[in-house]
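Trainee: Dropping the structure in here first, questions after.
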Amino acid sequence: MLSSVVLLILSFITSGAIYFLVFFINDLWGKNFYIYLWAPIVATPIVYLIYFLIFIIFLYVTGLFVNIDKNKKKNNSFCQYVVQFVTHQINFFAGARIKRSGFNKLPKKGPLMIIYNHNSNFDPMMIMDAMHKYKIICITKKDNKKIPIAGPWVHLAGYISINRENNVEALKDVSFEVNDGEIVTL
């Protein structure tokens, strides 16, 4: 994703600037300059993680002001992008590799419902990361909107929370989105 590249470039620039600033302040431009050239390369992943953690703290603080009990009528593309960016970063940090195939057979717009059986809590994040080029709406259980960082942003992204005990109500919520021409993952 483009955001990951921008974050990586920003991290490399920051770690390089710190490197040169330290040498400028300490006046170590002599013989020791080439010994520590590896420092920005080692510092870049650390700075990258620091920037990502600052971003997560920003998401947490802004999520405190979201009313998740209020029904969302319109999907927010920016919030969907943020959720997909975070899931991409989590997959990247976890070392997950996604093999994509058959996406050329899918229509670019809905109505479309993708149903998959996930075996772990990590599987939906893999699906969201694999389908990052599509504007999708995921279906989640109501309890997931209570998760501190993810819950408010999932709500703002327009993901559907269903009541698993009431099948009729859940079907109405899902069919509304499918009839509206969205790509829904279940």
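Identifiers in this document derive from the order of the structure tokens: chains are assigned A, B, ..., residues are numbered from 1 separately in each chain, and ligands are numbered from 1 in order of occurrence.
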Would you tabulate, counting only C-alpha atoms, all residues of stretch 145-175 of chain A that have an atom at most 12 Å from an atom of stretch 86-96 of chain A, showing the closest pair of atoms and their distance in Å to one decimal, sorted by chain then ascending number, as JSON lines?
Mentor:
```
{"residue": "A:Ile149", "atom": "CA", "partner": "A:Val86", "partner_atom": "CA", "distance": 10.6}
{"residue": "A:Ala150", "atom": "CA", "partner": "A:Val86", "partner_atom": "CA", "distance": 9.3}
{"residue": "A:Trp153", "atom": "CA", "partner": "A:Val86", "partner_atom": "CA", "distance": 10.4}
{"residue": "A:Val154", "atom": "CA", "partner": "A:Val86", "partner_atom": "CA", "distance": 11.2}
```
Trainee: Excluding stretch 41-58 of chain A and residues on its chain fewer than 6 positions from it, collect all residues at most 8 Å away from it, counting only C-alpha atoms, and give them as a PyMOL selection string.
Mentor: chain A and resi 7-8+11-12+14-15+149
Trainee: May I have the selected residues written with N, CA and C atoms, as a tab-separated table (two decimals), in the first residue's frame?
Mentor:
```tsv
chain	number	residue	atom	x	y	z
A	7	LEU	N	5.29	5.80	4.88
A	7	LEU	CA	5.74	5.64	6.25
A	7	LEU	C	7.19	5.14	6.30
A	8	LEU	N	7.55	4.25	5.40
A	8	LEU	CA	8.92	3.74	5.35
A	8	LEU	C	9.90	4.83	4.93
A	11	SER	N	10.32	7.22	7.76
A	11	SER	CA	11.15	6.61	8.80
A	11	SER	C	12.62	6.67	8.43
A	12	PHE	N	12.93	6.39	7.17
A	12	PHE	CA	14.33	6.43	6.73
A	12	PHE	C	14.87	7.85	6.78
A	14	THR	N	13.80	10.28	8.74
A	14	THR	CA	13.93	10.65	10.15
A	14	THR	C	15.17	10.03	10.78
A	15	SER	N	15.39	8.74	10.54
A	15	SER	CA	16.56	8.10	11.14
A	15	SER	C	17.86	8.66	10.56
A	149	ILE	N	-9.61	-0.09	20.07
A	149	ILE	CA	-9.11	0.66	18.91
A	149	ILE	C	-9.89	0.31	17.65
```
Trainee: To one decimal place, how far is atom CA of A:Lys109 from atom CA of A:Lys172 in Å?
Mentor: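 A separation of 20.6 Å between them.
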Trainee: Could you pull out the residues in chain A that DSSP calls strand (DSSP E or B) from the backbone, as a PyMOL selection string?
Mentor: chain A and resi 112-114+136-141+160-162+183-185
Trainee: DSSP says alpha helix (DSSP H) for which residues of stretch 16-158 of chain A? Put them as JSON, numbers by chain?
Mentor: {"A": [16, 17, 18, 19, 20, 21, 22, 23, 24, 25, 26, 39, 40, 41, 42, 43, 44, 45, 46, 47, 48, 49, 50, 51, 52, 53, 54, 55, 56, 57, 58, 59, 60, 61, 62, 63, 77, 78, 79, 80, 81, 82, 83, 84, 85, 86, 87, 88, 89, 90, 91, 92, 93, 94, 123, 124, 125, 126, 127, 128, 129, 130, 150, 151, 152, 153, 154, 155, 156]}
Trainee: Select, from A:Val66, A:Thr185, A:Val22, A:Leu59, the residue with the minimum atom-to-atom distance to A:Asp123, counting only C-alpha atoms.
Mentor: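 Counting only C-alpha atoms, the residue closest to A:Asp123 is A:Thr185.
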Trainee: Of the residues A:Ala170, A:Gln80, A:Met131, A:Asp69, which is the one nearest to A:Leu106, using only C-alpha atoms?
Mentor: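 The closest residue to A:Leu106 is A:Met131.
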Trainee: Find the residues around A:His132 up to 12 Å (only C-alpha atoms counted), leave out those fewer than 6 positions away in its own chain, and share them as number ranges by chain.
Mentor: A: 1-2, 80-88, 98, 100, 103, 108, 125-126
Trainee: Find the residue from A:Met113, A:Pro148, A:Asp129, A:Lys99 that sits nearest to A:Ser175; use only C-alpha atoms when measuring.
Mentor: A:Met113
Trainee: Using only C-alpha atoms, which protein or nucleic acid residues come within 10 Å of stretch 163-168 of chain A? Drop anything in the same chain fewer than 2 positions from it, and give the result as a PyMOL selection string.
Mentor: chain A and resi 140-143+160-161+170-173
Trainee: Take the residues just selected and output them with all heavy atoms as a CSV table (one decimal), in the first residue's frame.
Mentor:
```
chain,number,residue,atom,x,y,z
A,140,THR,N,-19.5,-8.3,11.0
A,140,THR,CA,-18.9,-8.7,12.3
A,140,THR,C,-19.9,-8.8,13.4
A,140,THR,O,-21.1,-8.4,13.2
A,140,THR,CB,-17.9,-7.6,12.7
A,140,THR,OG1,-17.2,-8.0,13.9
A,140,THR,CG2,-18.5,-6.2,12.9
A,141,LYS,N,-19.6,-9.5,14.4
A,141,LYS,CA,-20.5,-9.6,15.5
A,141,LYS,C,-20.5,-8.3,16.3
A,141,LYS,O,-19.6,-7.6,16.3
A,141,LYS,CB,-20.2,-10.8,16.4
A,141,LYS,CG,-18.8,-10.8,17.1
A,141,LYS,CD,-18.6,-12.1,17.9
A,141,LYS,CE,-17.2,-12.0,18.5
A,141,LYS,NZ,-17.0,-13.2,19.3
A,142,LYS,N,-21.6,-8.1,17.1
A,142,LYS,CA,-21.8,-6.9,17.8
A,142,LYS,C,-20.7,-6.6,18.8
A,142,LYS,O,-20.3,-5.5,19.1
A,142,LYS,CB,-23.2,-6.8,18.4
A,142,LYS,CG,-24.3,-6.6,17.5
A,142,LYS,CD,-25.6,-6.2,18.2
A,142,LYS,CE,-26.7,-6.1,17.2
A,142,LYS,NZ,-26.7,-4.8,16.5
A,143,ASP,N,-20.2,-7.7,19.4
A,143,ASP,CA,-19.2,-7.5,20.5
A,143,ASP,C,-17.9,-7.0,19.9
A,143,ASP,O,-17.1,-6.4,20.7
A,143,ASP,CB,-18.9,-8.9,21.1
A,143,ASP,CG,-20.1,-9.4,21.9
A,143,ASP,OD1,-21.0,-8.6,22.2
A,143,ASP,OD2,-20.2,-10.6,22.1
A,160,ILE,N,-20.9,-3.9,9.1
A,160,ILE,CA,-22.2,-4.3,9.6
A,160,ILE,C,-22.0,-5.2,10.9
A,160,ILE,O,-21.3,-6.2,10.8
A,160,ILE,CB,-23.0,-5.1,8.6
A,160,ILE,CG1,-23.1,-4.3,7.3
A,160,ILE,CG2,-24.4,-5.4,9.1
A,160,ILE,CD1,-23.7,-5.1,6.1
A,161,SER,N,-22.6,-4.8,12.0
A,161,SER,CA,-22.5,-5.7,13.1
A,161,SER,C,-23.9,-6.3,13.3
A,161,SER,O,-24.9,-5.7,13.2
A,161,SER,CB,-22.2,-4.8,14.4
A,161,SER,OG,-23.2,-3.9,14.6
A,170,ALA,N,-30.4,-10.2,11.4
A,170,ALA,CA,-29.1,-10.3,10.7
A,170,ALA,C,-29.2,-10.3,9.2
A,170,ALA,O,-28.5,-9.6,8.5
A,170,ALA,CB,-28.3,-11.5,11.2
A,171,LEU,N,-30.1,-11.1,8.7
A,171,LEU,CA,-30.4,-11.2,7.3
A,171,LEU,C,-30.9,-9.9,6.7
A,171,LEU,O,-30.5,-9.5,5.6
A,171,LEU,CB,-31.3,-12.4,7.0
A,171,LEU,CG,-31.6,-12.7,5.6
A,171,LEU,CD1,-30.2,-13.2,4.9
A,171,LEU,CD2,-32.6,-13.8,5.4
A,172,LYS,N,-31.7,-9.2,7.4
A,172,LYS,CA,-32.2,-7.9,7.0
A,172,LYS,C,-31.0,-6.9,6.8
A,172,LYS,O,-30.9,-6.2,5.8
A,172,LYS,CB,-33.2,-7.3,7.9
A,172,LYS,CG,-34.6,-8.0,7.8
A,172,LYS,CD,-35.6,-7.3,8.8
A,172,LYS,CE,-36.9,-8.1,8.8
A,172,LYS,NZ,-37.8,-7.5,9.8
A,173,ASP,N,-30.1,-6.9,7.8
A,173,ASP,CA,-29.0,-5.9,7.8
A,173,ASP,C,-28.1,-6.2,6.6
A,173,ASP,O,-27.6,-5.3,5.9
A,173,ASP,CB,-28.2,-6.0,9.1
A,173,ASP,CG,-29.0,-5.5,10.3
A,173,ASP,OD1,-29.9,-4.7,10.1
A,173,ASP,OD2,-28.7,-5.8,11.4
```
Trainee: Please provide the set of residues having any atom within 10 Å of A:Ile115, restricted to only C-alpha atoms, with same-chain residues fewer than 3 positions apart removed, written as a ChimeraX atom specification.
Mentor: /A:112,118,184-186
Trainee: Quick one: write out the picked residues with C-alpha atoms as a PDB file, in the first residue's frame?
Mentor:
```pdb
ATOM      1  CA  LEU A 112     -21.637  -9.329  -4.399  1.00  0.00           C
ATOM      2  CA  HIS A 118     -12.582 -18.483   8.926  1.00  0.00           C
ATOM      3  CA  VAL A 184     -20.097  -7.733   1.445  1.00  0.00           C
ATOM      4  CA  THR A 185     -17.872 -10.338   3.097  1.00  0.00           C
ATOM      5  CA  LEU A 186     -19.419 -12.778   5.510  1.00  0.00           C
TER       6      LEU A 186
END
```
Trainee: Quick one: pull the distance between atom CA of A:Lys146 and atom CA of A:Asn67, Å, one decimal.
Mentor: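 So the two atoms, atom CA of A:Lys146 and atom CA of A:Asn67, lie 10.8 Å apart.
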Trainee: Could you work out how far atom CA of A:Val6 lies from atom CA of A:Asn76, giving the answer in Å with one decimal?
Mentor: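 Those two atoms sit 22.3 Å apart.
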